[in-house]
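This report refers to the structure that appears directly beneath it.
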Amino acid sequence: MSTPTTPQNQQPIFTVENLNRIEEELEKDGEFIEIKRLDGELHRMRNPCRGTAGVDVPRGERLICNYIGFGRERERDCFKAAGWEEGLYVPMRVHPFTKWGPMYSEEDTEGRMQSAIIDWERSEQCRHLIRTLQSVRLPEIDKIIAFGGGSITTNISDYLQEHAMFLTVARVVRQRARDKSIPLYVQEPAYTSVDKVVLSGLGFKIIDCFGTRGLTMIDDKTLVMCNFAAFAIRQVVADLGVRPAAMYWRPEVSQLEFNSLSHERQEAYHDVDTDKTRVMMTGYQRVDVPGSSMSRMSFYDLDFPGTREVFMASTWYIRRV
């Protein structure tokens, strides 16, 4: 089987410098925002949601605020195919994000979260996960970062279960490293003040940002978790050149299988495989959790509305040591 190679003349879409830059630009909360094109030139635009950063949204209300949107390689290629110069492509943009206030009080949210933790830890899925993480050889890990776990103040129970899983992963990693101080970070644009209070009380460290801070924290001692990513996280990590210790995210799909999909299905998800991600993943061992959907079928064969499990669309990758 041939080994994938990365085109040598293809410049990265994402760099740490540019991730930091757009975050800092939004933190200024000025009347105008400067976003950077691929050729390095700046484009000035009016701040669409000035004054909304850090605003606490009351219960039952909503607020439109700024959040960073990410491009991806296939989008850039389509941009070029349409006749545009590659340098004009904007890899990171400012998007409006609808942030809802909490549906539950702190007390109710804490109770619901504690119940979810108990249910999760009694589950067969949890036992399989613990055995899996105990059976593999882990590289050194000094922090865990989980992206996009959802707000636990909504009525979506999957978000509660996913945070319960994050806690289990952190506990196993700390036990294996004999280091209780390994931090568990979470980044989620929908977090409310109630989320932050309850999750902080459970030991989570909240990354409060517009969307890039957690990504710039990833290094070779990081365990990254991102189930069903809403952006091309694998492409970002591959571009940054970092190689995390372990990842829990969408499984690779062969180019042959991807080519067999309809155009609509190919474009249905942002985080698709590219030459860069395939090169990156050659340094990792795939580890499926027994009983999970990903252990017996392809990502594109999943019945998303009918699948009810915390491992719904992701699997584990451990860096080879």
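Following the order of the structure tokens, first chain is A, next is B, and so on, with residues numbered from 1 inside each chain and ligands from 1 in the order they appear.
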(request) Report as a count of residues only: the residues of segment 158-238 of chain A with a DSSP assignment of alpha helix (DSSP H), based on the backbone of this structure. (result) 39
(request) Identify, on the basis of only C-alpha atoms, every residue whose closest approach to segment 242-255 of chain A does not exceed 6 Å; exclude the query and any residue fewer than 6 positions from it along the same chain; express the result as a PyMOL selection string. (result) chain A and resi 139+219-227+313-319
Now that the selection is made, can you save its residues with N, CA and C atoms as a CSV table (one decimal), in the first residue's frame?
chain,number,residue,atom,x,y,z
A,139,PRO,N,1.6,7.6,25.5
A,139,PRO,CA,2.8,8.5,25.6
A,139,PRO,C,2.5,9.4,26.9
A,219,ASP,N,-0.1,20.4,22.1
A,219,ASP,CA,1.3,20.0,21.8
A,219,ASP,C,1.4,18.5,21.9
A,220,ASP,N,2.7,18.0,21.9
A,220,ASP,CA,2.9,16.6,21.8
A,220,ASP,C,2.6,15.8,23.2
A,221,LYS,N,2.2,16.6,24.2
A,221,LYS,CA,1.8,15.9,25.5
A,221,LYS,C,0.3,16.2,25.8
A,222,THR,N,-0.4,16.5,24.8
A,222,THR,CA,-1.9,16.7,24.9
A,222,THR,C,-2.7,15.6,24.5
A,223,LEU,N,-3.7,15.3,25.2
A,223,LEU,CA,-4.8,14.3,24.8
A,223,LEU,C,-5.9,15.2,24.3
A,224,VAL,N,-6.3,15.1,23.1
A,224,VAL,CA,-7.4,15.9,22.4
A,224,VAL,C,-8.7,15.1,22.3
A,225,MET,N,-9.8,15.6,22.7
A,225,MET,CA,-11.1,15.0,22.5
A,225,MET,C,-12.0,15.9,21.7
A,226,CYS,N,-12.6,15.4,20.7
A,226,CYS,CA,-13.6,16.2,19.9
A,226,CYS,C,-14.5,15.3,19.1
A,227,ASN,N,-15.7,15.0,19.7
A,227,ASN,CA,-16.6,14.1,19.1
A,227,ASN,C,-17.5,14.8,18.1
A,313,ALA,N,-19.5,8.8,16.9
A,313,ALA,CA,-18.8,9.1,15.6
A,313,ALA,C,-17.3,9.2,15.8
A,314,SER,N,-16.8,8.7,16.8
A,314,SER,CA,-15.3,8.9,17.1
A,314,SER,C,-14.7,7.7,17.5
A,315,THR,N,-13.4,7.6,17.5
A,315,THR,CA,-12.6,6.5,18.0
A,315,THR,C,-11.3,7.1,18.5
A,316,TRP,N,-10.5,6.2,19.1
A,316,TRP,CA,-9.2,6.6,19.7
A,316,TRP,C,-8.0,6.4,18.8
A,317,TYR,N,-7.1,7.4,18.9
A,317,TYR,CA,-5.8,7.2,18.2
A,317,TYR,C,-4.7,7.5,19.2
A,318,ILE,N,-3.8,6.6,19.3
A,318,ILE,CA,-2.7,6.7,20.3
A,318,ILE,C,-1.4,6.9,19.5
A,319,ARG,N,-0.6,7.9,19.8
A,319,ARG,CA,0.7,8.1,19.1
A,319,ARG,C,1.6,6.9,19.4
(message) What's the separation between atom CA of Thr15 of chain A and atom CA of Lys36 of chain A, in Å to one decimal place?
(response)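 Result for atom CA of Thr15 of chain A versus atom CA of Lys36 of chain A: 11.5 Å, one decimal.
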(request) Check the smallest atom-to-atom distance from each of A:Arg296, A:Arg44, A:Arg62, A:His128 to Lys99 of chain A using only C-alpha atoms, then report the winner. (result)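 Nearest to Lys99 of chain A: A:Arg62.
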(message) Can you tell me which residues surround Asp239 of chain A at a distance of at most 6 Å, considering only C-alpha atoms, apart from same-chain residues fewer than 2 positions away, and format the answer as a PyMOL selection string?
(response) chain A and resi 12+14+236-237+241
Saved selection, atoms kept: all heavy atoms, as a PDB file, in the first residue's frame:
ATOM      1  N   PRO A  12       0.561  26.103   4.698  1.00  0.00           N
ATOM      2  CA  PRO A  12      -0.471  25.788   5.690  1.00  0.00           C
ATOM      3  C   PRO A  12      -1.589  26.818   5.665  1.00  0.00           C
ATOM      4  O   PRO A  12      -1.359  28.009   5.448  1.00  0.00           O
ATOM      5  CB  PRO A  12       0.289  25.822   7.017  1.00  0.00           C
ATOM      6  CG  PRO A  12       1.637  26.356   6.748  1.00  0.00           C
ATOM      7  CD  PRO A  12       1.850  26.408   5.280  1.00  0.00           C
ATOM      8  N   PHE A  14      -3.536  27.103   8.393  1.00  0.00           N
ATOM      9  CA  PHE A  14      -3.610  27.549   9.781  1.00  0.00           C
ATOM     10  C   PHE A  14      -2.212  27.578  10.404  1.00  0.00           C
ATOM     11  O   PHE A  14      -1.423  26.655  10.205  1.00  0.00           O
ATOM     12  CB  PHE A  14      -4.496  26.604  10.598  1.00  0.00           C
ATOM     13  CG  PHE A  14      -5.864  26.407  10.014  1.00  0.00           C
ATOM     14  CD1 PHE A  14      -6.173  25.244   9.319  1.00  0.00           C
ATOM     15  CD2 PHE A  14      -6.835  27.382  10.132  1.00  0.00           C
ATOM     16  CE1 PHE A  14      -7.428  25.059   8.768  1.00  0.00           C
ATOM     17  CE2 PHE A  14      -8.095  27.211   9.583  1.00  0.00           C
ATOM     18  CZ  PHE A  14      -8.392  26.038   8.894  1.00  0.00           C
ATOM     19  N   VAL A 236      -6.643  21.398  11.121  1.00  0.00           N
ATOM     20  CA  VAL A 236      -5.965  22.431  11.899  1.00  0.00           C
ATOM     21  C   VAL A 236      -4.740  21.840  12.594  1.00  0.00           C
ATOM     22  O   VAL A 236      -3.635  22.383  12.503  1.00  0.00           O
ATOM     23  CB  VAL A 236      -6.921  23.054  12.940  1.00  0.00           C
ATOM     24  CG1 VAL A 236      -6.154  24.031  13.829  1.00  0.00           C
ATOM     25  CG2 VAL A 236      -8.080  23.774  12.259  1.00  0.00           C
ATOM     26  N   VAL A 237      -4.927  20.714  13.279  1.00  0.00           N
ATOM     27  CA  VAL A 237      -3.823  20.090  14.015  1.00  0.00           C
ATOM     28  C   VAL A 237      -2.711  19.674  13.055  1.00  0.00           C
ATOM     29  O   VAL A 237      -1.518  19.881  13.330  1.00  0.00           O
ATOM     30  CB  VAL A 237      -4.326  18.885  14.833  1.00  0.00           C
ATOM     31  CG1 VAL A 237      -3.163  18.120  15.457  1.00  0.00           C
ATOM     32  CG2 VAL A 237      -5.289  19.349  15.926  1.00  0.00           C
ATOM     33  N   GLY A 241       1.376  21.316  12.781  1.00  0.00           N
ATOM     34  CA  GLY A 241       2.592  20.517  12.884  1.00  0.00           C
ATOM     35  C   GLY A 241       2.780  19.848  14.227  1.00  0.00           C
ATOM     36  O   GLY A 241       3.825  19.222  14.466  1.00  0.00           O
TER      37      GLY A 241
END
(message) Please list as an NGL selection string every residue within 8 Å of segment 199-215 of chain A, counting only C-alpha atoms and excluding residues in the same chain fewer than 6 positions away.
(response) :A and (19-20 or 23 or 26 or 66-69 or 145 or 147 or 183-189 or 237)
Could those selected residues go to a file with N, CA, C and O atoms, as a PDB file, in the first residue's frame?
ATOM      1  N   LEU A  19      -3.871  31.992  14.427  1.00  0.00           N
ATOM      2  CA  LEU A  19      -4.910  31.632  15.391  1.00  0.00           C
ATOM      3  C   LEU A  19      -4.923  32.626  16.544  1.00  0.00           C
ATOM      4  O   LEU A  19      -5.982  33.081  16.988  1.00  0.00           O
ATOM      5  N   ASN A  20      -3.733  32.977  17.030  1.00  0.00           N
ATOM      6  CA  ASN A  20      -3.647  33.956  18.110  1.00  0.00           C
ATOM      7  C   ASN A  20      -4.093  35.334  17.648  1.00  0.00           C
ATOM      8  O   ASN A  20      -4.759  36.071  18.394  1.00  0.00           O
ATOM      9  N   GLU A  23      -7.929  35.814  17.452  1.00  0.00           N
ATOM     10  CA  GLU A  23      -8.467  35.820  18.820  1.00  0.00           C
ATOM     11  C   GLU A  23      -8.233  37.183  19.472  1.00  0.00           C
ATOM     12  O   GLU A  23      -9.145  37.775  20.079  1.00  0.00           O
ATOM     13  N   LEU A  26     -10.498  39.977  18.078  1.00  0.00           N
ATOM     14  CA  LEU A  26     -11.851  39.992  18.617  1.00  0.00           C
ATOM     15  C   LEU A  26     -11.872  40.452  20.072  1.00  0.00           C
ATOM     16  O   LEU A  26     -12.855  41.061  20.515  1.00  0.00           O
ATOM     17  N   ASN A  66     -20.031  37.067  18.436  1.00  0.00           N
ATOM     18  CA  ASN A  66     -18.976  36.679  17.496  1.00  0.00           C
ATOM     19  C   ASN A  66     -18.370  35.331  17.859  1.00  0.00           C
ATOM     20  O   ASN A  66     -18.219  35.001  19.032  1.00  0.00           O
ATOM     21  N   TYR A  67     -18.036  34.574  16.824  1.00  0.00           N
ATOM     22  CA  TYR A  67     -17.273  33.351  17.011  1.00  0.00           C
ATOM     23  C   TYR A  67     -16.440  33.136  15.758  1.00  0.00           C
ATOM     24  O   TYR A  67     -16.813  33.568  14.664  1.00  0.00           O
ATOM     25  N   ILE A  68     -15.307  32.462  15.905  1.00  0.00           N
ATOM     26  CA  ILE A  68     -14.396  32.260  14.783  1.00  0.00           C
ATOM     27  C   ILE A  68     -14.820  31.045  13.974  1.00  0.00           C
ATOM     28  O   ILE A  68     -15.007  29.953  14.510  1.00  0.00           O
ATOM     29  N   GLY A  69     -14.987  31.252  12.688  1.00  0.00           N
ATOM     30  CA  GLY A  69     -15.299  30.161  11.771  1.00  0.00           C
ATOM     31  C   GLY A  69     -14.050  29.742  11.016  1.00  0.00           C
ATOM     32  O   GLY A  69     -13.212  30.578  10.663  1.00  0.00           O
ATOM     33  N   ILE A 145      -7.558  18.267  26.574  1.00  0.00           N
ATOM     34  CA  ILE A 145      -8.402  19.348  26.060  1.00  0.00           C
ATOM     35  C   ILE A 145      -9.553  18.727  25.278  1.00  0.00           C
ATOM     36  O   ILE A 145      -9.334  17.974  24.331  1.00  0.00           O
ATOM     37  N   PHE A 147     -13.051  19.542  23.094  1.00  0.00           N
ATOM     38  CA  PHE A 147     -13.729  20.586  22.334  1.00  0.00           C
ATOM     39  C   PHE A 147     -15.169  20.179  22.037  1.00  0.00           C
ATOM     40  O   PHE A 147     -15.457  19.014  21.738  1.00  0.00           O
ATOM     41  N   PRO A 183      -4.488  18.650  34.137  1.00  0.00           N
ATOM     42  CA  PRO A 183      -5.726  19.421  33.994  1.00  0.00           C
ATOM     43  C   PRO A 183      -6.622  18.903  32.870  1.00  0.00           C
ATOM     44  O   PRO A 183      -6.136  18.362  31.873  1.00  0.00           O
ATOM     45  N   LEU A 184      -7.926  19.085  33.058  1.00  0.00           N
ATOM     46  CA  LEU A 184      -8.929  18.741  32.050  1.00  0.00           C
ATOM     47  C   LEU A 184      -9.577  20.039  31.575  1.00  0.00           C
ATOM     48  O   LEU A 184     -10.373  20.646  32.294  1.00  0.00           O
ATOM     49  N   TYR A 185      -9.206  20.474  30.381  1.00  0.00           N
ATOM     50  CA  TYR A 185      -9.741  21.706  29.797  1.00  0.00           C
ATOM     51  C   TYR A 185     -10.927  21.394  28.887  1.00  0.00           C
ATOM     52  O   TYR A 185     -10.949  20.346  28.230  1.00  0.00           O
ATOM     53  N   VAL A 186     -11.883  22.318  28.832  1.00  0.00           N
ATOM     54  CA  VAL A 186     -12.994  22.198  27.897  1.00  0.00           C
ATOM     55  C   VAL A 186     -13.231  23.542  27.208  1.00  0.00           C
ATOM     56  O   VAL A 186     -13.112  24.598  27.831  1.00  0.00           O
ATOM     57  N   GLN A 187     -13.539  23.473  25.923  1.00  0.00           N
ATOM     58  CA  GLN A 187     -13.848  24.671  25.142  1.00  0.00           C
ATOM     59  C   GLN A 187     -15.153  24.449  24.396  1.00  0.00           C
ATOM     60  O   GLN A 187     -15.279  23.486  23.634  1.00  0.00           O
ATOM     61  N   GLU A 188     -16.115  25.322  24.606  1.00  0.00           N
ATOM     62  CA  GLU A 188     -17.438  25.197  23.997  1.00  0.00           C
ATOM     63  C   GLU A 188     -18.086  26.588  23.915  1.00  0.00           C
ATOM     64  O   GLU A 188     -18.262  27.247  24.943  1.00  0.00           O
ATOM     65  N   PRO A 189     -18.431  27.040  22.700  1.00  0.00           N
ATOM     66  CA  PRO A 189     -18.999  28.393  22.570  1.00  0.00           C
ATOM     67  C   PRO A 189     -20.350  28.567  23.240  1.00  0.00           C
ATOM     68  O   PRO A 189     -20.739  29.684  23.579  1.00  0.00           O
ATOM     69  N   VAL A 237      -4.927  20.714  13.279  1.00  0.00           N
ATOM     70  CA  VAL A 237      -3.823  20.090  14.015  1.00  0.00           C
ATOM     71  C   VAL A 237      -2.711  19.674  13.055  1.00  0.00           C
ATOM     72  O   VAL A 237      -1.518  19.881  13.330  1.00  0.00           O
TER      73      VAL A 237
END
(message) Please determine, counting only C-alpha atoms, which residue among A:Thr216, A:Ser292, A:Thr109, A:Thr282 has the shortest atom-to-atom distance to Ser151 of chain A.
(response)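 Nearest to Ser151 of chain A: A:Thr109.
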(message) When DSSP is applied to the backbone of this structure, which of segment 80-296 of chain A are assigned strand (DSSP E)? Write them out as a PyMOL selection string.
(response) chain A and resi 92-100+143-147+184-187+204-206+222-225+246-249+284-287
(request) For Pro58 of chain A, list every protein, DNA or RNA residue within 12 Å, evaluated using only C-alpha atoms, and leave out those in the same chain fewer than 6 positions away; present the list as a PyMOL selection string. (result) chain A and resi 99-105+192-194
(message) Can you pull out the residues contacting Glu17 of chain A? Cut-off 10 Å, using only C-alpha atoms, and skip same-chain residues under 4 positions away; I want them as number ranges by chain.
(response) A: 21-22, 216, 240
(request) Using only C-alpha atoms, pick whichever of A:Ile13, A:Cys49, A:Ile130, A:Ala229 has the shortest atom-to-atom distance to Glu86 of chain A. (result)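 The closest residue to Glu86 of chain A is A:Ile13.
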(request) Give me, please, the distance in Å between atom CA of Gln161 of chain A and atom CA of Met113 of chain A, quoted to one decimal. (result)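 It comes out at 8.2 Å.
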Which residues are close to Val136 of chain A, i.e. within 9 Å by only C-alpha atoms, leaving aside same-chain residues fewer than 4 positions away? Reply as a PDB file with N, CA, C and O atoms, in the first residue's frame.
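Result file is around_1.pdb:
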ATOM      1  N   ARG A 131     -11.315  -0.094  30.339  1.00  0.00           N
ATOM      2  CA  ARG A 131     -10.437  -1.225  29.994  1.00  0.00           C
ATOM      3  C   ARG A 131      -9.562  -0.889  28.786  1.00  0.00           C
ATOM      4  O   ARG A 131      -8.384  -1.260  28.731  1.00  0.00           O
ATOM      5  N   THR A 132     -10.149  -0.213  27.811  1.00  0.00           N
ATOM      6  CA  THR A 132      -9.398   0.154  26.607  1.00  0.00           C
ATOM      7  C   THR A 132      -8.249   1.085  26.941  1.00  0.00           C
ATOM      8  O   THR A 132      -7.100   0.869  26.501  1.00  0.00           O
ATOM      9  N   VAL A 287      -7.398   2.691  18.024  1.00  0.00           N
ATOM     10  CA  VAL A 287      -7.876   1.818  19.099  1.00  0.00           C
ATOM     11  C   VAL A 287      -9.379   2.028  19.256  1.00  0.00           C
ATOM     12  O   VAL A 287      -9.818   3.045  19.794  1.00  0.00           O
ATOM     13  N   ILE A 318      -3.759   6.610  19.341  1.00  0.00           N
ATOM     14  CA  ILE A 318      -2.664   6.737  20.298  1.00  0.00           C
ATOM     15  C   ILE A 318      -1.363   6.876  19.529  1.00  0.00           C
ATOM     16  O   ILE A 318      -1.068   6.045  18.651  1.00  0.00           O
TER      17      ILE A 318
END
